[in-house]
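To be precise, the following lines are final-v9.pdb, and they hold PDB, C-alpha atoms and all ligand atoms.
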MODEL        1
ATOM      1  CA  MET G 224      79.243  72.026   2.468
ATOM      2  CA  GLU G 225      78.784  68.308   2.831
ATOM      3  CA  ASP G 226      79.797  66.952   6.161
ATOM      4  CA  ILE G 227      78.164  63.579   6.227
ATOM      5  CA  LEU G 228      80.869  61.968   8.322
ATOM      6  CA  THR G 229      80.145  64.147  11.300
ATOM      7  CA  LEU G 230      77.206  62.932  13.292
ATOM      8  CA  PRO G 231      75.643  64.941  16.072
ATOM      9  CA  GLU G 232      76.467  63.670  19.516
ATOM     10  CA  ASP G 233      72.873  63.036  20.386
ATOM     11  CA  LEU G 234      72.602  60.725  17.441
ATOM     12  CA  LEU G 235      75.810  58.982  18.425
ATOM     13  CA  SER G 236      74.646  58.244  21.924
ATOM     14  CA  ALA G 237      71.275  57.146  20.596
ATOM     15  CA  LEU G 238      73.003  54.759  18.235
ATOM     16  CA  HIS G 239      75.231  53.554  21.009
ATOM     17  CA  PHE G 240      72.206  52.892  23.151
ATOM     18  CA  VAL G 241      70.410  51.052  20.372
ATOM     19  CA  PHE G 242      73.254  48.875  19.235
ATOM     20  CA  LYS G 243      75.189  48.507  22.477
ATOM     21  CA  ALA G 244      78.235  48.031  20.323
ATOM     22  CA  PRO G 245      81.568  49.802  20.226
ATOM     23  CA  LEU G 246      80.252  52.639  18.119
ATOM     24  CA  LEU G 247      83.284  54.888  18.175
ATOM     25  CA  GLN G 248      85.501  52.047  17.013
ATOM     26  CA  ALA G 249      83.042  51.376  14.234
ATOM     27  CA  LEU G 250      83.148  55.022  13.192
ATOM     28  CA  ASP G 251      86.924  54.776  13.177
ATOM     29  CA  LEU G 252      86.707  51.919  10.707
ATOM     30  CA  VAL G 253      84.342  53.993   8.578
ATOM     31  CA  ASP G 254      86.710  56.956   8.657
ATOM     32  CA  ASN G 255      89.599  54.747   7.601
ATOM     33  CA  LYS G 256      87.520  53.421   4.703
ATOM     34  CA  SER G 257      88.060  49.902   5.992
ATOM     35  CA  VAL G 258      84.776  48.625   4.607
ATOM     36  CA  THR G 259      84.684  46.950   1.204
ATOM     37  CA  LYS G 260      81.527  45.707  -0.411
ATOM     38  CA  ILE G 261      82.258  42.496  -2.301
ATOM     39  CA  THR G 262      79.963  41.365  -5.073
ATOM     40  CA  CYS G 263      80.161  38.519  -7.549
ATOM     41  CA  PRO G 264      78.422  37.691 -10.845
ATOM     42  CA  ALA G 265      76.072  35.294  -9.035
ATOM     43  CA  GLY G 266      74.699  38.259  -7.113
ATOM     44  CA  ARG G 267      76.005  37.445  -3.664
ATOM     45  CA  ILE G 268      77.002  40.327  -1.479
ATOM     46  CA  ALA G 269      79.397  40.283   1.419
ATOM     47  CA  PHE G 270      81.403  42.909   3.181
ATOM     48  CA  GLN G 271      85.020  42.808   4.147
ATOM     49  CA  VAL G 272      86.130  44.962   7.026
ATOM     50  CA  LEU G 273      89.776  45.503   7.693
ATOM     51  CA  GLY G 274      90.171  45.303  11.450
ATOM     52  CA  SER G 275      92.443  47.569  13.443
ATOM     53  CA  SER G 276      95.041  44.814  13.607
ATOM     54  CA  GLY G 277      95.039  44.483   9.828
ATOM     55  CA  ILE G 278      93.024  41.277   9.746
ATOM     56  CA  PRO G 279      90.155  41.310   7.264
ATOM     57  CA  TYR G 280      86.808  40.095   8.606
ATOM     58  CA  ILE G 281      83.824  39.002   6.562
ATOM     59  CA  CYS G 282      80.486  40.488   7.519
ATOM     60  CA  LEU G 283      77.038  39.568   6.342
ATOM     61  CA  PRO G 284      74.838  42.414   7.519
ATOM     62  CA  SER G 285      71.658  40.623   6.474
ATOM     63  CA  SER G 286      72.207  38.273   9.405
ATOM     64  CA  ASN G 287      74.496  40.540  11.459
ATOM     65  CA  PHE G 288      77.140  37.882  11.020
ATOM     66  CA  CYS G 289      80.817  38.632  11.383
ATOM     67  CA  SER G 290      83.823  36.331  11.311
ATOM     68  CA  CYS G 291      85.628  38.063  14.170
ATOM     69  CA  GLN G 292      86.208  36.565  17.611
ATOM     70  CA  TYR G 293      84.230  39.263  19.328
ATOM     71  CA  TYR G 294      81.198  38.125  17.392
ATOM     72  CA  SER G 295      81.562  34.443  18.181
ATOM     73  CA  PHE G 296      82.494  34.954  21.832
ATOM     74  CA  THR G 297      80.368  37.908  22.818
ATOM     75  CA  VAL G 298      77.499  38.361  20.401
ATOM     76  CA  LEU G 299      76.568  34.707  20.072
ATOM     77  CA  LYS G 300      77.153  33.669  23.686
ATOM     78  CA  ARG G 301      75.694  36.651  25.484
ATOM     79  CA  ASN G 302      72.491  38.350  24.657
ATOM     80  CA  ASP G 303      73.351  41.867  25.706
ATOM     81  CA  VAL G 304      75.283  42.797  22.586
ATOM     82  CA  ASP G 305      73.695  42.718  19.167
ATOM     83  CA  LEU G 306      76.463  43.689  16.817
ATOM     84  CA  CYS G 307      80.207  43.826  16.677
ATOM     85  CA  LYS G 308      81.972  46.945  15.501
ATOM     86  CA  HIS G 309      82.595  45.490  12.057
ATOM     87  CA  VAL G 310      78.935  44.924  11.228
ATOM     88  CA  LEU G 311      78.151  48.310  12.678
ATOM     89  CA  ALA G 312      80.857  49.841  10.475
ATOM     90  CA  VAL G 313      79.285  48.150   7.445
ATOM     91  CA  LEU G 314      75.870  49.566   8.280
ATOM     92  CA  LEU G 315      77.282  53.039   8.844
ATOM     93  CA  SER G 316      79.374  52.919   5.667
ATOM     94  CA  CYS G 317      76.333  51.929   3.636
ATOM     95  CA  ALA G 318      74.252  54.657   5.204
ATOM     96  CA  MET G 319      76.938  57.228   4.476
ATOM     97  CA  GLU G 320      77.705  55.727   1.056
ATOM     98  CA  VAL G 321      81.426  55.473   1.718
ATOM     99  CA  CYS G 322      81.908  51.755   0.980
ATOM    100  CA  GLN G 323      84.676  50.681  -1.314
ATOM    101  CA  GLU G 324      83.449  48.225  -3.926
ATOM    102  CA  GLN G 325      85.120  45.169  -5.310
ATOM    103  CA  GLN G 326      83.852  42.578  -7.727
ATOM    104  CA  VAL G 327      85.217  39.053  -7.467
ATOM    105  CA  SER G 328      84.590  35.787  -9.261
ATOM    106  CA  ASN G 329      81.962  33.346  -7.990
ATOM    107  CA  ASP G 330      84.706  30.980  -6.868
ATOM    108  CA  ARG G 331      86.488  33.667  -4.944
ATOM    109  CA  MET G 332      83.237  34.630  -3.265
ATOM    110  CA  THR G 333      82.586  31.037  -2.211
ATOM    111  CA  GLN G 334      86.096  30.872  -0.789
ATOM    112  CA  THR G 335      85.617  34.123   1.027
ATOM    113  CA  LEU G 336      82.392  32.911   2.607
ATOM    114  CA  THR G 337      83.768  29.532   3.631
ATOM    115  CA  PRO G 338      84.702  29.796   7.287
ATOM    116  CA  GLY G 339      88.244  28.897   8.171
ATOM    117  CA  HIS G 340      89.501  28.608   4.620
ATOM    118  CA  SER G 341      92.517  30.707   5.500
ATOM    119  CA  GLU G 342      93.344  29.123   8.817
ATOM    120  CA  PRO G 343      93.226  25.348   8.743
ATOM    121  CA  GLU G 344      92.895  23.938  12.239
ATOM    122  CA  ASP G 345      93.511  20.395  13.395
ATOM    123  CA  GLU G 346      93.845  19.273   9.879
ATOM    124  CA  GLN G 347      94.886  15.641   9.877
ATOM    125  CA  PRO G 348      97.534  14.771   7.383
ATOM    126  CA  HIS G 349      96.230  12.254   4.950
ATOM    127  CA  HIS G 350      97.708   8.968   6.069
ATOM    128  CA  SER G 351      98.080   6.194   3.595
ATOM    129  CA  ARG G 352      95.569   3.571   4.521
ATOM    130  CA  GLN G 353      96.838   0.282   5.853
ATOM    131  CA  THR G 354      94.891  -2.899   5.363
TER     132      THR G 354
HETATM  133 ZN    ZN M 401      83.228  41.659  13.849
ENDMDL
END
Represent the structure of the file as structure tokens.
Ligand SMILES: [Zn+2]
Amino acid sequence: MEDILTLPEDLLSALHFVFKAPLLQALDLVDNKSVTKITCPAGRIAFQVLGSSGIPYICLPSSNFCSCQYYSFTVLKRNDVDLCKHVLAVLLSCAMEVCQEQQVSNDRMTQTLTPGHSEPEDEQPHHSRQT
């Protein structure tokens, strides 16, 4: 019987201690198969994690980067948290080999990795120049 998704509680609390991240929420994401590994012909790898509110976040586990607000407000500004639940979910999914996989074009990958491409903020309309 394979039961790779069940981790012993000791291990869970050890992980929780090590990462100081919302581990149970990360495991939830893993259980829901919310983690997709995105690759492109150029060889870039990123991970997309579908958050609990249905918003997809981009994670780059090589630098523990995540595009979620928790990451930018908590992980970057305070030093007591290393990872958000999305990056943790990516790491767990990889370890358990339960990632979905998706191949996209190089262009699509560049778009995906460009911050804010989906939510333009303070974009000035292009005024016609007056001389
Ligand atoms: Zn995140």
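Coordinates place atom CA of Leu273 of chain G at a distance of 19.4 Å from atom CA of Thr297 of chain G.
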Please report, as CSV, each residue of chain G lying at most 8 Å from ligand ZN 401 (chain M), together with the nearest pair of atoms and the separation in Å rounded to one decimal; use only C-alpha atoms and all ligand atoms, and order rows by chain and ascending residue number.
residue,atom,partner,partner_atom,distance
G:Tyr280,CA,M:ZN401,ZN,6.5
G:Ile281,CA,M:ZN401,ZN,7.8
G:Cys282,CA,M:ZN401,ZN,7.0
G:Phe288,CA,M:ZN401,ZN,7.7
G:Cys289,CA,M:ZN401,ZN,4.6
G:Ser290,CA,M:ZN401,ZN,5.9
G:Cys291,CA,M:ZN401,ZN,4.3
G:Gln292,CA,M:ZN401,ZN,7.0
G:Tyr293,CA,M:ZN401,ZN,6.1
G:Tyr294,CA,M:ZN401,ZN,5.4
G:Leu306,CA,M:ZN401,ZN,7.7
G:Cys307,CA,M:ZN401,ZN,4.7
G:Lys308,CA,M:ZN401,ZN,5.7
G:His309,CA,M:ZN401,ZN,4.3
G:Val310,CA,M:ZN401,ZN,6.0
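The neighbours of Ser328 of chain G here are the residues that come within 12 Å of it, using all atoms listed in the file and leaving out any residue fewer than 5 positions away in the same chain; they are Ile261, Thr262, Cys263, Pro264, Ala265, Gly266, Arg267, Ile268, Thr333, Gln334 and Thr335 of chain G.
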I want to know what sits within 12 Å of Gln323 of chain G, based on only C-alpha atoms, with residues of the same chain fewer than 4 positions away left out; could you give that as a PDB file with C-alpha atoms, in the frame of the given file?
ATOM      1  CA  VAL G 253      84.342  53.993   8.578  1.00  0.00           C
ATOM      2  CA  ASP G 254      86.710  56.956   8.657  1.00  0.00           C
ATOM      3  CA  ASN G 255      89.599  54.747   7.601  1.00  0.00           C
ATOM      4  CA  LYS G 256      87.520  53.421   4.703  1.00  0.00           C
ATOM      5  CA  SER G 257      88.060  49.902   5.992  1.00  0.00           C
ATOM      6  CA  VAL G 258      84.776  48.625   4.607  1.00  0.00           C
ATOM      7  CA  THR G 259      84.684  46.950   1.204  1.00  0.00           C
ATOM      8  CA  LYS G 260      81.527  45.707  -0.411  1.00  0.00           C
ATOM      9  CA  ILE G 261      82.258  42.496  -2.301  1.00  0.00           C
ATOM     10  CA  THR G 262      79.963  41.365  -5.073  1.00  0.00           C
ATOM     11  CA  ALA G 269      79.397  40.283   1.419  1.00  0.00           C
ATOM     12  CA  PHE G 270      81.403  42.909   3.181  1.00  0.00           C
ATOM     13  CA  GLN G 271      85.020  42.808   4.147  1.00  0.00           C
ATOM     14  CA  VAL G 272      86.130  44.962   7.026  1.00  0.00           C
ATOM     15  CA  LEU G 273      89.776  45.503   7.693  1.00  0.00           C
ATOM     16  CA  VAL G 313      79.285  48.150   7.445  1.00  0.00           C
ATOM     17  CA  SER G 316      79.374  52.919   5.667  1.00  0.00           C
ATOM     18  CA  CYS G 317      76.333  51.929   3.636  1.00  0.00           C
ATOM     19  CA  MET G 319      76.938  57.228   4.476  1.00  0.00           C
TER      20      MET G 319
END
In Å to one decimal, how far is atom CA of Ala318 of chain G from atom CA of Asn287 of chain G?
->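 Interatomic distance here is 15.4 Å.
In this model, the gap between atom CA of Pro245 of chain G and atom CA of Met332 of chain G comes to 28.0 Å.
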